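Pasted below: coords27.pdb, PDB, C-alpha atoms.
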ATOM      1  CA  MET A   1     -40.587 -28.600  -6.540
ATOM      2  CA  ALA A   2     -39.486 -24.952  -6.589
ATOM      3  CA  GLU A   3     -38.445 -23.649  -9.950
ATOM      4  CA  ALA A   4     -34.779 -22.552 -10.144
ATOM      5  CA  LYS A   5     -34.371 -18.813 -10.471
ATOM      6  CA  GLN A   6     -33.034 -17.853 -13.875
ATOM      7  CA  VAL A   7     -29.766 -15.902 -13.839
ATOM      8  CA  VAL A   8     -30.037 -12.717 -15.877
ATOM      9  CA  LYS A   9     -27.282 -12.421 -18.450
ATOM     10  CA  ARG A  10     -25.802  -8.949 -18.153
ATOM     11  CA  SER A  11     -23.986  -7.326 -21.039
ATOM     12  CA  PRO A  12     -20.187  -6.917 -20.805
ATOM     13  CA  GLU A  13     -20.719  -3.150 -20.827
ATOM     14  CA  GLU A  14     -23.047  -3.341 -17.803
ATOM     15  CA  LEU A  15     -20.650  -5.591 -15.927
ATOM     16  CA  ARG A  16     -17.699  -3.283 -16.638
ATOM     17  CA  ARG A  17     -19.683  -0.256 -15.517
ATOM     18  CA  VAL A  18     -20.675  -1.687 -12.154
ATOM     19  CA  LYS A  19     -17.268  -3.280 -11.631
ATOM     20  CA  ALA A  20     -15.756   0.197 -11.933
ATOM     21  CA  LEU A  21     -18.093   1.171  -9.077
ATOM     22  CA  GLY A  22     -16.778  -1.710  -6.960
ATOM     23  CA  PHE A  23     -19.471  -4.348  -7.636
ATOM     24  CA  LEU A  24     -18.127  -7.731  -8.728
ATOM     25  CA  VAL A  25     -20.299 -10.588  -9.941
ATOM     26  CA  ASN A  26     -21.173 -13.151  -7.271
ATOM     27  CA  LYS A  27     -20.391 -16.292  -9.269
ATOM     28  CA  GLY A  28     -23.401 -18.212 -10.552
ATOM     29  CA  THR A  29     -25.940 -15.534  -9.581
ATOM     30  CA  ASP A  30     -27.304 -12.191 -10.734
ATOM     31  CA  ASN A  31     -26.054 -10.674  -7.483
ATOM     32  CA  PHE A  32     -22.881  -8.749  -6.775
ATOM     33  CA  ASN A  33     -20.221  -8.400  -4.092
ATOM     34  CA  ALA A  34     -20.114  -4.751  -3.047
ATOM     35  CA  ARG A  35     -16.545  -3.684  -2.272
ATOM     36  CA  VAL A  36     -16.554  -1.043   0.468
ATOM     37  CA  ILE A  37     -13.385   1.072   0.800
ATOM     38  CA  THR A  38     -12.018   1.442   4.335
ATOM     39  CA  VAL A  39      -9.322   4.041   3.392
ATOM     40  CA  ASN A  40      -6.605   2.315   5.462
ATOM     41  CA  GLY A  41      -8.316  -0.614   7.147
ATOM     42  CA  LYS A  42      -9.789   1.600   9.867
ATOM     43  CA  ILE A  43     -13.451   2.563  10.153
ATOM     44  CA  THR A  44     -15.642   3.886  12.958
ATOM     45  CA  ALA A  45     -18.108   1.853  14.994
ATOM     46  CA  ALA A  46     -20.939   3.819  13.346
ATOM     47  CA  GLN A  47     -19.610   2.931   9.900
ATOM     48  CA  GLN A  48     -19.363  -0.743  10.875
ATOM     49  CA  GLN A  49     -22.974  -0.602  12.001
ATOM     50  CA  ARG A  50     -24.080   0.998   8.732
ATOM     51  CA  ILE A  51     -22.293  -1.710   6.705
ATOM     52  CA  ALA A  52     -23.974  -4.401   8.811
ATOM     53  CA  GLU A  53     -27.350  -2.776   8.194
ATOM     54  CA  ALA A  54     -26.615  -2.548   4.458
ATOM     55  CA  ALA A  55     -25.711  -6.257   4.411
ATOM     56  CA  GLU A  56     -29.083  -7.105   5.959
ATOM     57  CA  LYS A  57     -31.051  -4.626   3.852
ATOM     58  CA  PHE A  58     -29.476  -5.158   0.414
ATOM     59  CA  GLY A  59     -27.174  -8.183   0.643
ATOM     60  CA  ASN A  60     -27.379 -11.719   2.008
ATOM     61  CA  GLY A  61     -26.666 -10.714   5.595
ATOM     62  CA  THR A  62     -22.964 -11.576   5.609
ATOM     63  CA  ILE A  63     -19.783  -9.505   5.392
ATOM     64  CA  THR A  64     -16.393 -10.637   4.101
ATOM     65  CA  PHE A  65     -12.945  -9.055   4.319
ATOM     66  CA  THR A  66     -10.455  -8.851   1.473
ATOM     67  CA  SER A  67      -6.709  -9.337   1.734
ATOM     68  CA  ARG A  68      -6.307  -5.597   1.084
ATOM     69  CA  LEU A  69      -8.368  -4.496   4.086
ATOM     70  CA  THR A  70     -11.525  -3.616   2.211
ATOM     71  CA  ILE A  71     -14.949  -5.038   3.065
ATOM     72  CA  GLU A  72     -17.263  -6.891   0.716
ATOM     73  CA  VAL A  73     -20.994  -7.319   1.133
ATOM     74  CA  PRO A  74     -22.129 -10.319  -0.958
ATOM     75  CA  GLY A  75     -25.535 -10.814  -2.510
ATOM     76  CA  VAL A  76     -26.442  -7.291  -3.638
ATOM     77  CA  PRO A  77     -28.945  -7.482  -6.552
ATOM     78  CA  PHE A  78     -28.146  -5.505  -9.691
ATOM     79  CA  ASP A  79     -31.184  -3.273  -9.214
ATOM     80  CA  GLU A  80     -30.110  -2.375  -5.666
ATOM     81  CA  ILE A  81     -26.589  -1.216  -6.487
ATOM     82  CA  GLU A  82     -27.347   2.507  -6.434
ATOM     83  CA  ASN A  83     -29.516   2.163  -3.322
ATOM     84  CA  PHE A  84     -26.649   0.373  -1.565
ATOM     85  CA  ARG A  85     -24.181   3.102  -2.502
ATOM     86  CA  THR A  86     -26.519   5.846  -1.315
ATOM     87  CA  TYR A  87     -27.174   4.058   1.967
ATOM     88  CA  ILE A  88     -23.508   3.647   2.952
ATOM     89  CA  ALA A  89     -22.606   7.130   1.664
ATOM     90  CA  GLU A  90     -24.713   8.526   4.531
ATOM     91  CA  ALA A  91     -21.998   7.144   6.851
ATOM     92  CA  GLY A  92     -19.131   8.555   4.761
ATOM     93  CA  LEU A  93     -18.421   5.279   2.964
ATOM     94  CA  GLU A  94     -18.027   4.451  -0.708
ATOM     95  CA  THR A  95     -17.480   1.482  -2.990
ATOM     96  CA  GLY A  96     -14.745   1.052  -5.607
ATOM     97  CA  GLY A  97     -11.183  -0.237  -5.714
ATOM     98  CA  THR A  98     -11.000  -1.874  -9.139
ATOM     99  CA  GLY A  99      -9.454  -1.105 -12.520
ATOM    100  CA  SER A 100      -6.129  -0.090 -14.054
ATOM    101  CA  LYS A 101      -5.350   2.716 -11.654
ATOM    102  CA  VAL A 102      -4.154   3.402  -8.132
ATOM    103  CA  ARG A 103      -5.856   0.926  -5.803
ATOM    104  CA  PRO A 104      -6.837   1.491  -2.150
ATOM    105  CA  VAL A 105      -3.807   1.793   0.127
ATOM    106  CA  VAL A 106      -3.048  -1.040   2.570
ATOM    107  CA  SER A 107      -1.595  -0.145   5.953
ATOM    108  CA  CYS A 108      -0.538  -2.020   9.061
ATOM    109  CA  LYS A 109      -1.435  -0.664  12.514
ATOM    110  CA  GLY A 110       2.024   0.859  12.984
ATOM    111  CA  THR A 111       0.538   4.015  14.479
ATOM    112  CA  THR A 112      -0.533   2.099  17.589
ATOM    113  CA  CYS A 113       1.836  -0.907  17.436
ATOM    114  CA  GLN A 114       4.745  -1.135  19.883
ATOM    115  CA  PHE A 115       7.102  -1.731  16.944
ATOM    116  CA  GLY A 116       5.697   1.035  14.743
ATOM    117  CA  LEU A 117       8.255   3.627  13.664
ATOM    118  CA  VAL A 118       5.972   5.907  11.631
ATOM    119  CA  ASP A 119       2.340   7.049  11.693
ATOM    120  CA  THR A 120       1.057   4.479   9.204
ATOM    121  CA  PHE A 121      -2.613   5.438   9.589
ATOM    122  CA  GLY A 122      -1.844   9.116   9.004
ATOM    123  CA  VAL A 123       0.475   8.502   6.061
ATOM    124  CA  SER A 124      -1.846   5.985   4.393
ATOM    125  CA  GLU A 125      -4.883   8.251   4.798
ATOM    126  CA  GLU A 126      -3.014  11.134   3.165
ATOM    127  CA  LEU A 127      -1.882   8.886   0.309
ATOM    128  CA  HIS A 128      -5.472   7.631  -0.072
ATOM    129  CA  HIS A 129      -6.805  11.142  -0.606
ATOM    130  CA  LYS A 130      -3.904  12.321  -2.770
ATOM    131  CA  PHE A 131      -3.583   9.323  -5.042
ATOM    132  CA  TYR A 132      -6.470   6.855  -4.737
ATOM    133  CA  LYS A 133      -8.982   9.704  -4.805
ATOM    134  CA  GLY A 134      -6.908  12.399  -6.522
ATOM    135  CA  TYR A 135      -5.737  10.100  -9.334
ATOM    136  CA  ASN A 136      -8.998   8.185  -9.663
ATOM    137  CA  ASP A 137      -9.458   9.173 -13.314
ATOM    138  CA  VAL A 138      -5.813   8.555 -14.270
ATOM    139  CA  LYS A 139      -5.302   5.259 -16.064
ATOM    140  CA  THR A 140      -2.134   3.224 -15.512
ATOM    141  CA  PRO A 141      -0.889   0.248 -17.567
ATOM    142  CA  HIS A 142      -2.234  -2.168 -14.949
ATOM    143  CA  LYS A 143      -3.354  -1.949 -11.327
ATOM    144  CA  PHE A 144      -1.052  -0.009  -9.010
ATOM    145  CA  LYS A 145      -0.956  -1.150  -5.394
ATOM    146  CA  ILE A 146       0.571   0.659  -2.426
ATOM    147  CA  GLY A 147       1.394  -1.018   0.898
ATOM    148  CA  ILE A 148       2.677   0.676   4.065
ATOM    149  CA  GLY A 149       4.392  -1.116   6.943
ATOM    150  CA  GLY A 150       5.365   0.651  10.149
ATOM    151  CA  CYS A 151       8.584  -1.299  10.661
ATOM    152  CA  PRO A 152      10.764  -4.001   9.065
ATOM    153  CA  ASN A 153       8.508  -6.738  10.498
ATOM    154  CA  ASN A 154       6.631  -6.247   7.195
ATOM    155  CA  CYS A 155       3.270  -7.473   8.486
ATOM    156  CA  VAL A 156       1.387  -6.215   5.409
ATOM    157  CA  LYS A 157       4.204  -7.341   3.073
ATOM    158  CA  PRO A 158       4.846  -3.857   1.599
ATOM    159  CA  ASP A 159       7.481  -5.060  -0.863
ATOM    160  CA  LEU A 160       4.943  -7.334  -2.558
ATOM    161  CA  ASN A 161       3.114  -4.198  -3.712
ATOM    162  CA  ASP A 162       3.914  -2.133  -6.786
ATOM    163  CA  LEU A 163       5.119   0.493  -4.338
ATOM    164  CA  GLY A 164       6.083  -0.471  -0.803
ATOM    165  CA  ILE A 165       6.766   1.868   2.121
ATOM    166  CA  ILE A 166       8.508   0.608   5.267
ATOM    167  CA  GLY A 167       9.097   2.654   8.421
ATOM    168  CA  GLN A 168      12.738   2.996   9.444
ATOM    169  CA  LEU A 169      14.738   4.147  12.471
ATOM    170  CA  GLU A 170      18.378   4.348  11.434
ATOM    171  CA  PRO A 171      20.712   4.089  14.471
ATOM    172  CA  VAL A 172      23.087   6.999  15.126
ATOM    173  CA  LEU A 173      26.227   5.891  17.008
ATOM    174  CA  ASP A 174      28.371   7.997  19.317
ATOM    175  CA  LEU A 175      31.412   5.731  19.598
ATOM    176  CA  ASP A 176      33.230   8.166  21.911
ATOM    177  CA  GLU A 177      30.893   6.906  24.654
ATOM    178  CA  CYS A 178      31.571   3.194  24.024
ATOM    179  CA  MET A 179      33.043   1.353  27.028
ATOM    180  CA  GLY A 180      33.637  -1.909  25.157
ATOM    181  CA  CYS A 181      31.405  -3.865  27.556
ATOM    182  CA  LYS A 182      31.848  -7.635  27.599
ATOM    183  CA  VAL A 183      28.078  -7.938  27.578
ATOM    184  CA  CYS A 184      26.815  -5.395  25.045
ATOM    185  CA  GLN A 185      23.078  -4.778  25.448
ATOM    186  CA  PRO A 186      22.505  -3.451  21.896
ATOM    187  CA  GLU A 187      24.385  -6.475  20.526
ATOM    188  CA  ASN A 188      22.152  -8.829  22.491
ATOM    189  CA  ILE A 189      18.941  -7.120  21.448
ATOM    190  CA  CYS A 190      19.710  -6.795  17.718
ATOM    191  CA  PRO A 191      17.601  -9.371  15.806
ATOM    192  CA  MET A 192      19.756  -9.045  12.684
ATOM    193  CA  ASN A 193      23.119  -9.675  14.402
ATOM    194  CA  ALA A 194      24.270  -6.377  12.923
ATOM    195  CA  ILE A 195      25.974  -5.132  16.121
ATOM    196  CA  SER A 196      29.175  -6.550  17.566
ATOM    197  CA  VAL A 197      32.029  -5.412  19.805
ATOM    198  CA  VAL A 198      35.368  -5.611  18.013
ATOM    199  CA  ASP A 199      38.623  -4.686  19.775
ATOM    200  CA  GLY A 200      36.660  -3.031  22.562
ATOM    201  CA  VAL A 201      34.495  -0.845  20.305
ATOM    202  CA  MET A 202      30.915  -1.337  19.107
ATOM    203  CA  GLU A 203      30.498  -1.851  15.377
ATOM    204  CA  LEU A 204      27.352  -1.660  13.268
ATOM    205  CA  ASP A 205      27.195  -3.613  10.008
ATOM    206  CA  LYS A 206      24.952  -1.444   7.847
ATOM    207  CA  GLU A 207      24.580  -4.238   5.304
ATOM    208  CA  LEU A 208      22.876  -6.401   7.944
ATOM    209  CA  CYS A 209      21.018  -3.630   9.772
ATOM    210  CA  ASN A 210      17.371  -3.301   8.750
ATOM    211  CA  ASN A 211      16.789  -0.071  10.720
ATOM    212  CA  CYS A 212      14.238  -1.628  13.071
ATOM    213  CA  GLY A 213      15.406   0.745  15.816
ATOM    214  CA  LEU A 214      15.305  -1.834  18.616
ATOM    215  CA  CYS A 215      18.870  -0.924  19.642
ATOM    216  CA  VAL A 216      18.174   2.798  19.985
ATOM    217  CA  GLU A 217      18.433   4.027  23.617
ATOM    218  CA  LYS A 218      19.319   0.498  24.791
ATOM    219  CA  CYS A 219      22.971   1.235  25.626
ATOM    220  CA  PRO A 220      23.386   2.425  29.251
ATOM    221  CA  PHE A 221      26.292   4.605  28.113
ATOM    222  CA  ASP A 222      24.300   6.262  25.294
ATOM    223  CA  VAL A 223      26.362   4.898  22.426
ATOM    224  CA  ILE A 224      23.092   4.777  20.421
ATOM    225  CA  PRO A 225      21.149   7.698  21.941
ATOM    226  CA  GLU A 226      18.920   8.339  18.924
ATOM    227  CA  GLY A 227      18.030   7.338  15.397
ATOM    228  CA  ASN A 228      17.023   9.022  12.168
ATOM    229  CA  ARG A 229      13.449   8.264  11.140
ATOM    230  CA  GLY A 230      12.496   7.731   7.540
ATOM    231  CA  TYR A 231      10.970   5.426   4.961
ATOM    232  CA  LYS A 232      12.426   2.638   2.865
ATOM    233  CA  VAL A 233      10.638   2.641  -0.493
ATOM    234  CA  THR A 234      10.500  -0.371  -2.794
ATOM    235  CA  VAL A 235       9.237  -0.440  -6.375
ATOM    236  CA  GLY A 236       8.016  -3.209  -8.630
ATOM    237  CA  GLY A 237       6.726  -5.789  -6.173
ATOM    238  CA  ARG A 238       3.713  -7.991  -6.918
ATOM    239  CA  TRP A 239       1.958 -11.140  -5.802
ATOM    240  CA  GLY A 240      -0.312 -13.547  -7.630
ATOM    241  CA  LYS A 241       0.422 -15.762 -10.611
ATOM    242  CA  ILE A 242       3.947 -14.369 -10.648
ATOM    243  CA  GLY A 243       5.477 -13.205  -7.376
ATOM    244  CA  GLU A 244       8.270 -10.661  -7.159
ATOM    245  CA  ARG A 245       9.684  -8.605  -4.303
ATOM    246  CA  GLY A 246      10.050  -4.909  -4.900
ATOM    247  CA  LYS A 247      13.509  -3.408  -5.279
ATOM    248  CA  PRO A 248      14.566  -0.749  -2.748
ATOM    249  CA  LEU A 249      15.423   2.754  -3.887
ATOM    250  CA  SER A 250      19.042   3.781  -3.444
ATOM    251  CA  LYS A 251      18.450   5.871  -0.316
ATOM    252  CA  LEU A 252      15.937   6.336   2.475
ATOM    253  CA  VAL A 253      13.209   8.935   2.176
ATOM    254  CA  ARG A 254      13.335  11.250   5.188
ATOM    255  CA  THR A 255      10.102  13.274   5.231
ATOM    256  CA  GLU A 256       6.414  12.787   4.433
ATOM    257  CA  GLU A 257       6.651  15.562   1.850
ATOM    258  CA  GLU A 258       9.462  13.774   0.041
ATOM    259  CA  LEU A 259       7.548  10.488   0.343
ATOM    260  CA  ASN A 260       4.480  12.032  -1.317
ATOM    261  CA  ASP A 261       6.697  13.276  -4.152
ATOM    262  CA  ILE A 262       8.272   9.831  -4.630
ATOM    263  CA  VAL A 263       4.844   8.158  -4.760
ATOM    264  CA  GLU A 264       3.564  10.666  -7.291
ATOM    265  CA  LYS A 265       6.670  10.427  -9.459
ATOM    266  CA  THR A 266       6.369   6.629  -9.449
ATOM    267  CA  ILE A 267       2.779   6.833 -10.679
ATOM    268  CA  LEU A 268       3.760   9.342 -13.368
ATOM    269  CA  LEU A 269       6.729   7.238 -14.472
ATOM    270  CA  TYR A 270       4.575   4.111 -14.652
ATOM    271  CA  ARG A 271       1.834   5.882 -16.595
ATOM    272  CA  GLU A 272       4.218   7.385 -19.136
ATOM    273  CA  GLN A 273       6.825   4.661 -19.546
ATOM    274  CA  GLY A 274       4.888   1.496 -18.747
ATOM    275  CA  ILE A 275       3.410  -0.612 -21.521
ATOM    276  CA  THR A 276      -0.334  -1.309 -21.320
ATOM    277  CA  GLY A 277      -0.857  -4.636 -19.558
ATOM    278  CA  GLU A 278       2.476  -4.810 -17.754
ATOM    279  CA  ARG A 279       2.912  -4.415 -14.002
ATOM    280  CA  LEU A 280       5.311  -1.858 -12.600
ATOM    281  CA  GLY A 281       7.829  -4.629 -11.855
ATOM    282  CA  GLN A 282       8.133  -5.320 -15.568
ATOM    283  CA  THR A 283       8.590  -1.618 -16.267
ATOM    284  CA  VAL A 284      11.321  -1.458 -13.622
ATOM    285  CA  GLU A 285      13.011  -4.504 -15.145
ATOM    286  CA  ARG A 286      13.025  -2.903 -18.596
ATOM    287  CA  LEU A 287      14.300   0.489 -17.455
ATOM    288  CA  GLY A 288      16.744  -0.667 -14.780
ATOM    289  CA  MET A 289      17.078   0.575 -11.211
ATOM    290  CA  ASP A 290      19.748   3.170 -12.029
ATOM    291  CA  ASN A 291      17.283   4.819 -14.416
ATOM    292  CA  ILE A 292      14.433   4.499 -11.907
ATOM    293  CA  ASN A 293      16.465   6.082  -9.086
ATOM    294  CA  GLU A 294      17.588   8.930 -11.305
ATOM    295  CA  GLN A 295      14.022   9.749 -12.319
ATOM    296  CA  LEU A 296      12.409   9.347  -8.893
ATOM    297  CA  PHE A 297      15.003  11.476  -7.105
ATOM    298  CA  GLY A 298      15.036  14.051  -9.920
ATOM    299  CA  ASP A 299      12.594  16.836 -10.844
ATOM    300  CA  GLU A 300      11.830  16.170 -14.497
ATOM    301  CA  LEU A 301       8.741  13.982 -13.994
ATOM    302  CA  MET A 302       7.042  16.566 -11.789
ATOM    303  CA  GLU A 303       7.879  19.322 -14.246
ATOM    304  CA  ARG A 304       5.914  17.377 -16.887
ATOM    305  CA  LYS A 305       3.170  16.186 -14.533
ATOM    306  CA  GLN A 306       0.193  17.692 -16.358
ATOM    307  CA  GLU A 307       1.508  16.603 -19.754
ATOM    308  CA  ILE A 308       1.794  13.002 -18.516
ATOM    309  CA  ILE A 309      -1.664  13.045 -16.912
ATOM    310  CA  ASP A 310      -3.311  14.527 -20.010
ATOM    311  CA  ALA A 311      -1.678  12.066 -22.444
ATOM    312  CA  GLU A 312      -3.954   9.561 -24.217
ATOM    313  CA  LEU A 313      -2.501   6.404 -22.666
ATOM    314  CA  HIS A 314      -3.828   3.023 -21.501
ATOM    315  CA  THR A 315      -7.402   3.837 -22.513
ATOM    316  CA  GLU A 316      -8.404   0.204 -22.034
ATOM    317  CA  GLY A 317      -6.013  -0.648 -19.193
ATOM    318  CA  GLY A 318      -4.596  -4.076 -18.419
ATOM    319  CA  ALA A 319      -6.208  -5.047 -15.123
ATOM    320  CA  THR A 320      -8.704  -7.904 -15.243
ATOM    321  CA  CYS A 321      -9.216  -8.246 -11.486
TER     322      CYS A 321
END

When written as structure tokens, how does the structure in this file appear?
Amino acid sequence: MAEAKQVVKRSPEELRRVKALGFLVNKGTDNFNARVITVNGKITAAQQQRIAEAAEKFGNGTITFTSRLTIEVPGVPFDEIENFRTYIAEAGLETGGTGSKVRPVVSCKGTTCQFGLVDTFGVSEELHHKFYKGYNDVKTPHKFKIGIGGCPNNCVKPDLNDLGIIGQLEPVLDLDECMGCKVCQPENICPMNAISVVDGVMELDKELCNNCGLCVEKCPFDVIPEGNRGYKVTVGGRWGKIGERGKPLSKLVRTEEELNDIVEKTILLYREQGITGERLGQTVERLGMDNINEQLFGDELMERKQEIIDAELHTEGGATC
């Protein structure tokens, strides 16, 4: 009868070190799941091939996918961790994605989807380099997740992230062109029942409208000839033991430049004003949305950016997974 292989007991320090590199213990073994970052859920065929080769060479020959669009290769022995990292780095890939800091960005395929209103792949890749990579050494009170959806269909559930970004196309009405049609095409196509014809004139209920843009250019008389593109940003969402939807900021963000600023200010606010161990949602609850809006649409956080980054805060961090 074959003798059972003894599991090596690694020190907590060793486990923390390799976890920070993206290697999580494969339960009941001395092997690890290697978490490979895909930037935004999109990799090349050559990169897929290299991961498959790495799974055969260093792992147990299988590949799994996480809910946040990263890839895990199970069964990597402790002594092969650096060899694994070197091997996939040759294809422009890296491991990571753990700890009390900005996590890898999750994006839907809005760039190529028929419903997509913004370039989700482009935006998420820029955010990846600016904040996942650029803020890699900046500790936050707990993990900080970013999700980007190309439209209000919310396929990647952006508002269940600490910071959610949702593509928007806000209808612009030219009511001088309205003919008061008995059968109103925009009214029929609106999934939110936000459009109606009242006293011979089209009306848009902005409280019901989710800015999906499906009504834009659908009126034969050009009552809705165009829409204003932008981003709805939510803060404080989370999923897990305690679920909470993020709260929307008071106005839409119109440009990518402004979006980048809002993301950075949110990280700075969370780092400075969050308590170690609490998620952003708890910070938002303590401070209140009026306070949050004032800070995120103001300049003061960016003026103190370096001071906030350099502060000795959250040295241990609160994330355990």

Written as a count of residues only, which residues does the PyMOL selection byres ((chain A and resi 94) around 8) give for the file shown? 9

Hey, what's within 7 Å of Gly147 in chain A if we count only C-alpha atoms and toss same-chain stuff fewer than 5 positions away? As a PyMOL selection string, please? chain A and resi 105-107+156+158+161+163-165

Identify which of the residues A:Asp290, A:Asp205, A:Glu303, A:Glu72 lies closest to Arg35 in chain A, counting only C-alpha atoms when measuring atom-to-atom distances.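 Result for the nearest residue to Arg35 in chain A: A:Glu72.
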
Tell me which residues the PyMOL selection byres ((chain A and resi 61) around 10) grabs here, as a list in words. Ala52, Glu53, Ala54, Ala55, Glu56, Lys57, Phe58, Gly59, Asn60, Thr62, Ile63, Val73, Pro74, Gly75 and Val76 of chain A

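Here the question is which of A:Cys209, A:Ile267, A:Leu259, A:Met302 gets nearest to Tyr231 in chain A using only C-alpha atoms, and that residue is A:Leu259.
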
With distances taken over only C-alpha atoms, which residue among A:Lys130, A:Arg229, A:Lys265, A:Arg50 lies nearest Pro171 in chain A?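 Of all the options, A:Arg229 lies closest to Pro171 in chain A.
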
What's around Val223 in chain A at 7 Å? Count all atoms listed in the file, leave out sequence neighbours fewer than 3 positions away in its own chain, and write the answer as a compact mmCIF listing (two decimals) with C-alpha atoms, in the coordinates of the input.
# COMPACT_ATOMS: atom_id res chain seq x y z
CA LEU A 173 26.23 5.89 17.01
CA ASP A 174 28.37 8.00 19.32
CA LEU A 175 31.41 5.73 19.60
CA GLU A 177 30.89 6.91 24.65
CA CYS A 178 31.57 3.19 24.02
CA CYS A 219 22.97 1.24 25.63

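Taking CA of Lys101 in chain A and CA of Phe144 in chain A as the two end points, the separation is 5.7 Å.
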
Evaluated on this file, the PyMOL selection byres ((chain A and resi 248) around 9) picks out some residues - which ones are they, written as a ChimeraX atom specification? /A:159,164,232-235,246-247,249-252,289

Which residues, written as a ChimeraX atom specification, have at least one atom at most 12 Å from Asn153 in chain A, with all atoms listed in the file counted and residues fewer than 2 positions away on the same chain left out? /A:108-110,113-117,148-151,155-159,166-168,191-192,210-214

Provide the CA of Phe221 in chain A to CA of Lys206 in chain A distance in Å, to one decimal place.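 That distance, rounded to one decimal, is 21.2 Å.
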
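If all atoms listed in the file are the atoms counted, then among A:Ile81, A:Val8, A:Leu208, A:Val197 the closest residue to Gly22 in chain A is A:Ile81.
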